[in-house]
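Enquirer: Have a look at this one before I ask anything.
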Amino acid sequence: QVQLAESGGGLVQPGGSLRLSCAASGTRFSLLNMGWYRQAPGKQRELVALITRSSNTNYADSVKGRFTISRDNAKNLVYLQMNSLKPEDTGVYYCNTRDLTANYWGQGTQVTVSS
C-alpha cells in the first residue's frame, strides 16, 4: 500500500513559477517510478512528467523546457518545478505511482494560472 500527498499548488500569474511536492509513504520509495498528471476542467487526466527509479525523466511535449521533475529518495519526495506558467497549465495536479497490484493517486493540488 502506497500513500501519496501533494502540496504546493496555488494561484500564480502567467509567466510565474510554482514547485509542487509529493510525499510518499508505505513502501520503499527508491524503487518506485513516479509521475505527475494533471486534469483541467472538462478534460481527461493527462501525463505531465515521469521519473524512473533510476531518475530518468520524460515530459509531455506541452511542458518540455518549462517543467522539471526530480526526486529526493532520502526524503521520499518527488517534485515538479513549473516555470513560465501559462493559463493552459491550470488544473488539478496529481502524483502517481503503481506497483504490481494497484495504481496509486494522491488527492491532488490545484494550480491556477491567471492574471
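Scheme for the C-alpha cells: letters A, B, ... for chains in order shown; per-chain residue numbers from 1; ligand numbers from 1 in order shown.
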I'd like to know which residues of chain A are strand (DSSP E) (by DSSP, run on the backbone); could you write them as a ChimeraX atom specification?

Expert: /A:3-7,10-12,18-25,34-39,46-51,57-59,67-72,77-82,91-98,103-105,109-113

Enquirer: Between A:Asn103, A:Ser114, A:Thr97, A:Gln13, single out the one closest to A:Leu32, counting only C-alpha atoms.

Expert: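 Ranking A:Asn103, A:Ser114, A:Thr97, A:Gln13 by distance to A:Leu32, first place goes to A:Thr97.
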
Enquirer: Rank nothing, just name the residue among A:Asn96, A:Gln39, A:Thr27, A:Ser21 nearest to A:Ser70, using only C-alpha atoms.

Expert: A:Ser21

Enquirer: Which residue, A:Arg53, A:Arg38, A:Arg71, A:Arg28, has the smallest gap to A:Cys95 when you use only C-alpha atoms?

Expert: A:Arg38

Enquirer: Check the smallest atom-to-atom distance from each of A:Ser7, A:Asn76, A:Asn33, A:Ser54 to A:Tyr93 using only C-alpha atoms, then report the winner.

Expert: A:Ser7

Enquirer: Smallest atom-to-atom distance to A:Gln3: which of A:Tyr59, A:Pro41, A:Val113, A:Ala24, using only C-alpha atoms?

Expert: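 Comparing A:Tyr59, A:Pro41, A:Val113, A:Ala24 against A:Gln3, the winner is A:Ala24.
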
Enquirer: Residues within 12 Å of stretch 81-91 of chain A, please, as a PDB file with C-alpha atoms, in the first residue's frame. Count only C-alpha atoms; anything in the same chain fewer than 6 positions from it doesn't count.

Expert:
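Output contents, as saved in result_18.pdb:
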ATOM      1  CA  GLY A   8       2.436  23.415  -3.326  1.00  0.00           C
ATOM      2  CA  GLY A   9      -0.387  24.409  -5.619  1.00  0.00           C
ATOM      3  CA  GLY A  10      -1.893  27.869  -5.752  1.00  0.00           C
ATOM      4  CA  LEU A  11      -2.723  30.899  -7.853  1.00  0.00           C
ATOM      5  CA  VAL A  12       0.055  32.339  -9.988  1.00  0.00           C
ATOM      6  CA  GLN A  13       0.233  34.885 -12.792  1.00  0.00           C
ATOM      7  CA  PRO A  14       1.203  33.866 -16.323  1.00  0.00           C
ATOM      8  CA  GLY A  15       4.978  33.605 -16.572  1.00  0.00           C
ATOM      9  CA  GLY A  16       5.296  32.739 -12.894  1.00  0.00           C
ATOM     10  CA  SER A  17       6.621  29.650 -11.169  1.00  0.00           C
ATOM     11  CA  LEU A  18       5.452  27.055  -8.676  1.00  0.00           C
ATOM     12  CA  ARG A  19       7.025  23.974  -7.162  1.00  0.00           C
ATOM     13  CA  LEU A  20       4.815  21.033  -6.336  1.00  0.00           C
ATOM     14  CA  SER A  21       5.819  18.349  -3.880  1.00  0.00           C
ATOM     15  CA  CYS A  22       4.565  14.809  -3.417  1.00  0.00           C
ATOM     16  CA  TRP A  36       2.793  13.852 -12.236  1.00  0.00           C
ATOM     17  CA  TYR A  37      -0.535  14.119 -14.037  1.00  0.00           C
ATOM     18  CA  ARG A  38      -2.992  16.977 -14.391  1.00  0.00           C
ATOM     19  CA  GLN A  39      -6.656  17.357 -15.123  1.00  0.00           C
ATOM     20  CA  ALA A  40      -8.167  20.557 -16.458  1.00  0.00           C
ATOM     21  CA  PRO A  41     -11.891  21.257 -16.092  1.00  0.00           C
ATOM     22  CA  GLY A  42     -13.857  19.233 -18.636  1.00  0.00           C
ATOM     23  CA  LYS A  43     -10.786  17.383 -19.863  1.00  0.00           C
ATOM     24  CA  GLN A  44      -9.245  13.989 -19.281  1.00  0.00           C
ATOM     25  CA  ARG A  45      -6.359  13.495 -16.921  1.00  0.00           C
ATOM     26  CA  GLU A  46      -3.061  13.700 -18.790  1.00  0.00           C
ATOM     27  CA  VAL A  48       2.808  15.739 -17.366  1.00  0.00           C
ATOM     28  CA  ALA A  49       6.115  14.162 -16.349  1.00  0.00           C
ATOM     29  CA  ALA A  60       4.711  15.865 -22.190  1.00  0.00           C
ATOM     30  CA  SER A  62       3.435  20.841 -23.825  1.00  0.00           C
ATOM     31  CA  VAL A  63       5.719  21.266 -20.790  1.00  0.00           C
ATOM     32  CA  LYS A  64       9.159  20.408 -22.180  1.00  0.00           C
ATOM     33  CA  GLY A  65      11.667  23.113 -21.365  1.00  0.00           C
ATOM     34  CA  ARG A  66       9.409  24.653 -18.715  1.00  0.00           C
ATOM     35  CA  PHE A  67       8.805  21.904 -16.138  1.00  0.00           C
ATOM     36  CA  THR A  68      11.347  19.770 -14.301  1.00  0.00           C
ATOM     37  CA  ILE A  69      10.590  16.612 -12.343  1.00  0.00           C
ATOM     38  CA  SER A  70      13.026  15.476  -9.664  1.00  0.00           C
ATOM     39  CA  ARG A  71      13.144  13.228  -6.634  1.00  0.00           C
ATOM     40  CA  GLY A 108      -4.403  16.423  -5.969  1.00  0.00           C
ATOM     41  CA  THR A 109      -3.388  20.043  -5.658  1.00  0.00           C
ATOM     42  CA  GLN A 110      -4.982  22.902  -7.583  1.00  0.00           C
ATOM     43  CA  VAL A 111      -2.839  25.062  -9.844  1.00  0.00           C
ATOM     44  CA  THR A 112      -4.450  28.164 -11.307  1.00  0.00           C
ATOM     45  CA  VAL A 113      -2.586  30.374 -13.761  1.00  0.00           C
ATOM     46  CA  SER A 114      -4.418  33.630 -14.231  1.00  0.00           C
ATOM     47  CA  SER A 115      -3.856  37.358 -14.220  1.00  0.00           C
TER      48      SER A 115
END

Enquirer: Which distance in Å separates atom CA of A:Ser30 and atom CA of A:Asn73, to one decimal?

Expert: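 If I compute the distance from atom CA of A:Ser30 to atom CA of A:Asn73, I get 5.5 Å.
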
Enquirer: Kindly give the distance, in Å, that separates atom CA of A:Lys75 and atom CA of A:Asp61, rounded to a single decimal.

Expert: 28.8 Å

Enquirer: Fewer than 3 positions away in the same chain doesn't count, so skip those; otherwise give me all residues within 10 Å of A:Gln1, counting only C-alpha atoms, as number ranges by chain.

Expert: A: 25-27, 98-99, 101-104

Enquirer: Grab the residues selected above and save them as a compact mmCIF listing (two decimals), in the first residue's frame with N, CA and C atoms.

Expert:
# COMPACT_ATOMS: atom_id res chain seq x y z
N SER A 25 4.62 7.45 1.16
CA SER A 25 4.86 6.62 2.34
C SER A 25 4.26 5.24 2.11
N GLY A 26 4.71 4.30 2.90
CA GLY A 26 4.11 2.98 2.87
C GLY A 26 4.88 1.95 2.08
N THR A 27 5.94 2.37 1.44
CA THR A 27 6.73 1.42 0.66
C THR A 27 8.13 1.98 0.47
N ARG A 98 2.65 3.22 -9.25
CA ARG A 98 1.95 1.95 -9.34
C ARG A 98 2.91 0.83 -8.99
N ASP A 99 2.30 -0.28 -8.52
CA ASP A 99 3.08 -1.48 -8.31
C ASP A 99 2.37 -2.62 -9.02
N THR A 101 0.18 -4.55 -8.01
CA THR A 101 -1.20 -4.81 -7.60
C THR A 101 -2.13 -3.63 -7.77
N ALA A 102 -1.61 -2.41 -7.82
CA ALA A 102 -2.51 -1.25 -7.81
C ALA A 102 -1.85 -0.03 -8.41
N ASN A 103 -2.73 0.93 -8.74
CA ASN A 103 -2.33 2.24 -9.25
C ASN A 103 -2.71 3.25 -8.16
N TYR A 104 -1.76 4.07 -7.73
CA TYR A 104 -1.98 4.93 -6.58
C TYR A 104 -1.98 6.39 -6.99

Enquirer: Nearest residue to A:Leu47 out of A:Ala23, A:Val92, A:Leu77, A:Leu31, using only C-alpha atoms?

Expert: A:Val92

Enquirer: From stretch 3-107 of chain A, collect each residue whose DSSP state is helix (DSSP H, G or I) and return the set as an MDAnalysis selection string.

Expert: chainID A and resid 29:31 87:89

Enquirer: Generate a file of the selected residues that holds N, CA, C and O atoms, formatted as a short mmCIF file (atom, residue, chain, number, x, y, z; two decimals), in the first residue's frame.

Expert:
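Ended up saving to part-v1.cif:
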data_model
loop_
_atom_site.label_atom_id
_atom_site.label_comp_id
_atom_site.auth_asym_id
_atom_site.auth_seq_id
_atom_site.Cartn_x
_atom_site.Cartn_y
_atom_site.Cartn_z
N PHE A 29 10.41 3.87 -1.31
CA PHE A 29 10.23 4.92 -2.31
C PHE A 29 11.25 4.82 -3.43
O PHE A 29 10.93 5.06 -4.60
N SER A 30 12.47 4.48 -3.10
CA SER A 30 13.54 4.48 -4.10
C SER A 30 13.29 3.49 -5.23
O SER A 30 13.90 3.59 -6.30
N LEU A 31 12.40 2.53 -5.01
CA LEU A 31 12.12 1.53 -6.03
C LEU A 31 10.97 1.93 -6.96
O LEU A 31 10.69 1.22 -7.93
N PRO A 87 -1.76 30.00 -18.82
CA PRO A 87 -3.14 29.71 -18.38
C PRO A 87 -3.56 28.27 -18.69
O PRO A 87 -4.31 27.68 -17.91
N GLU A 88 -3.07 27.71 -19.76
CA GLU A 88 -3.45 26.33 -20.11
C GLU A 88 -2.82 25.29 -19.20
O GLU A 88 -3.12 24.10 -19.30
N ASP A 89 -1.93 25.71 -18.30
CA ASP A 89 -1.39 24.79 -17.29
C ASP A 89 -2.33 24.64 -16.09
O ASP A 89 -2.07 23.84 -15.20
#
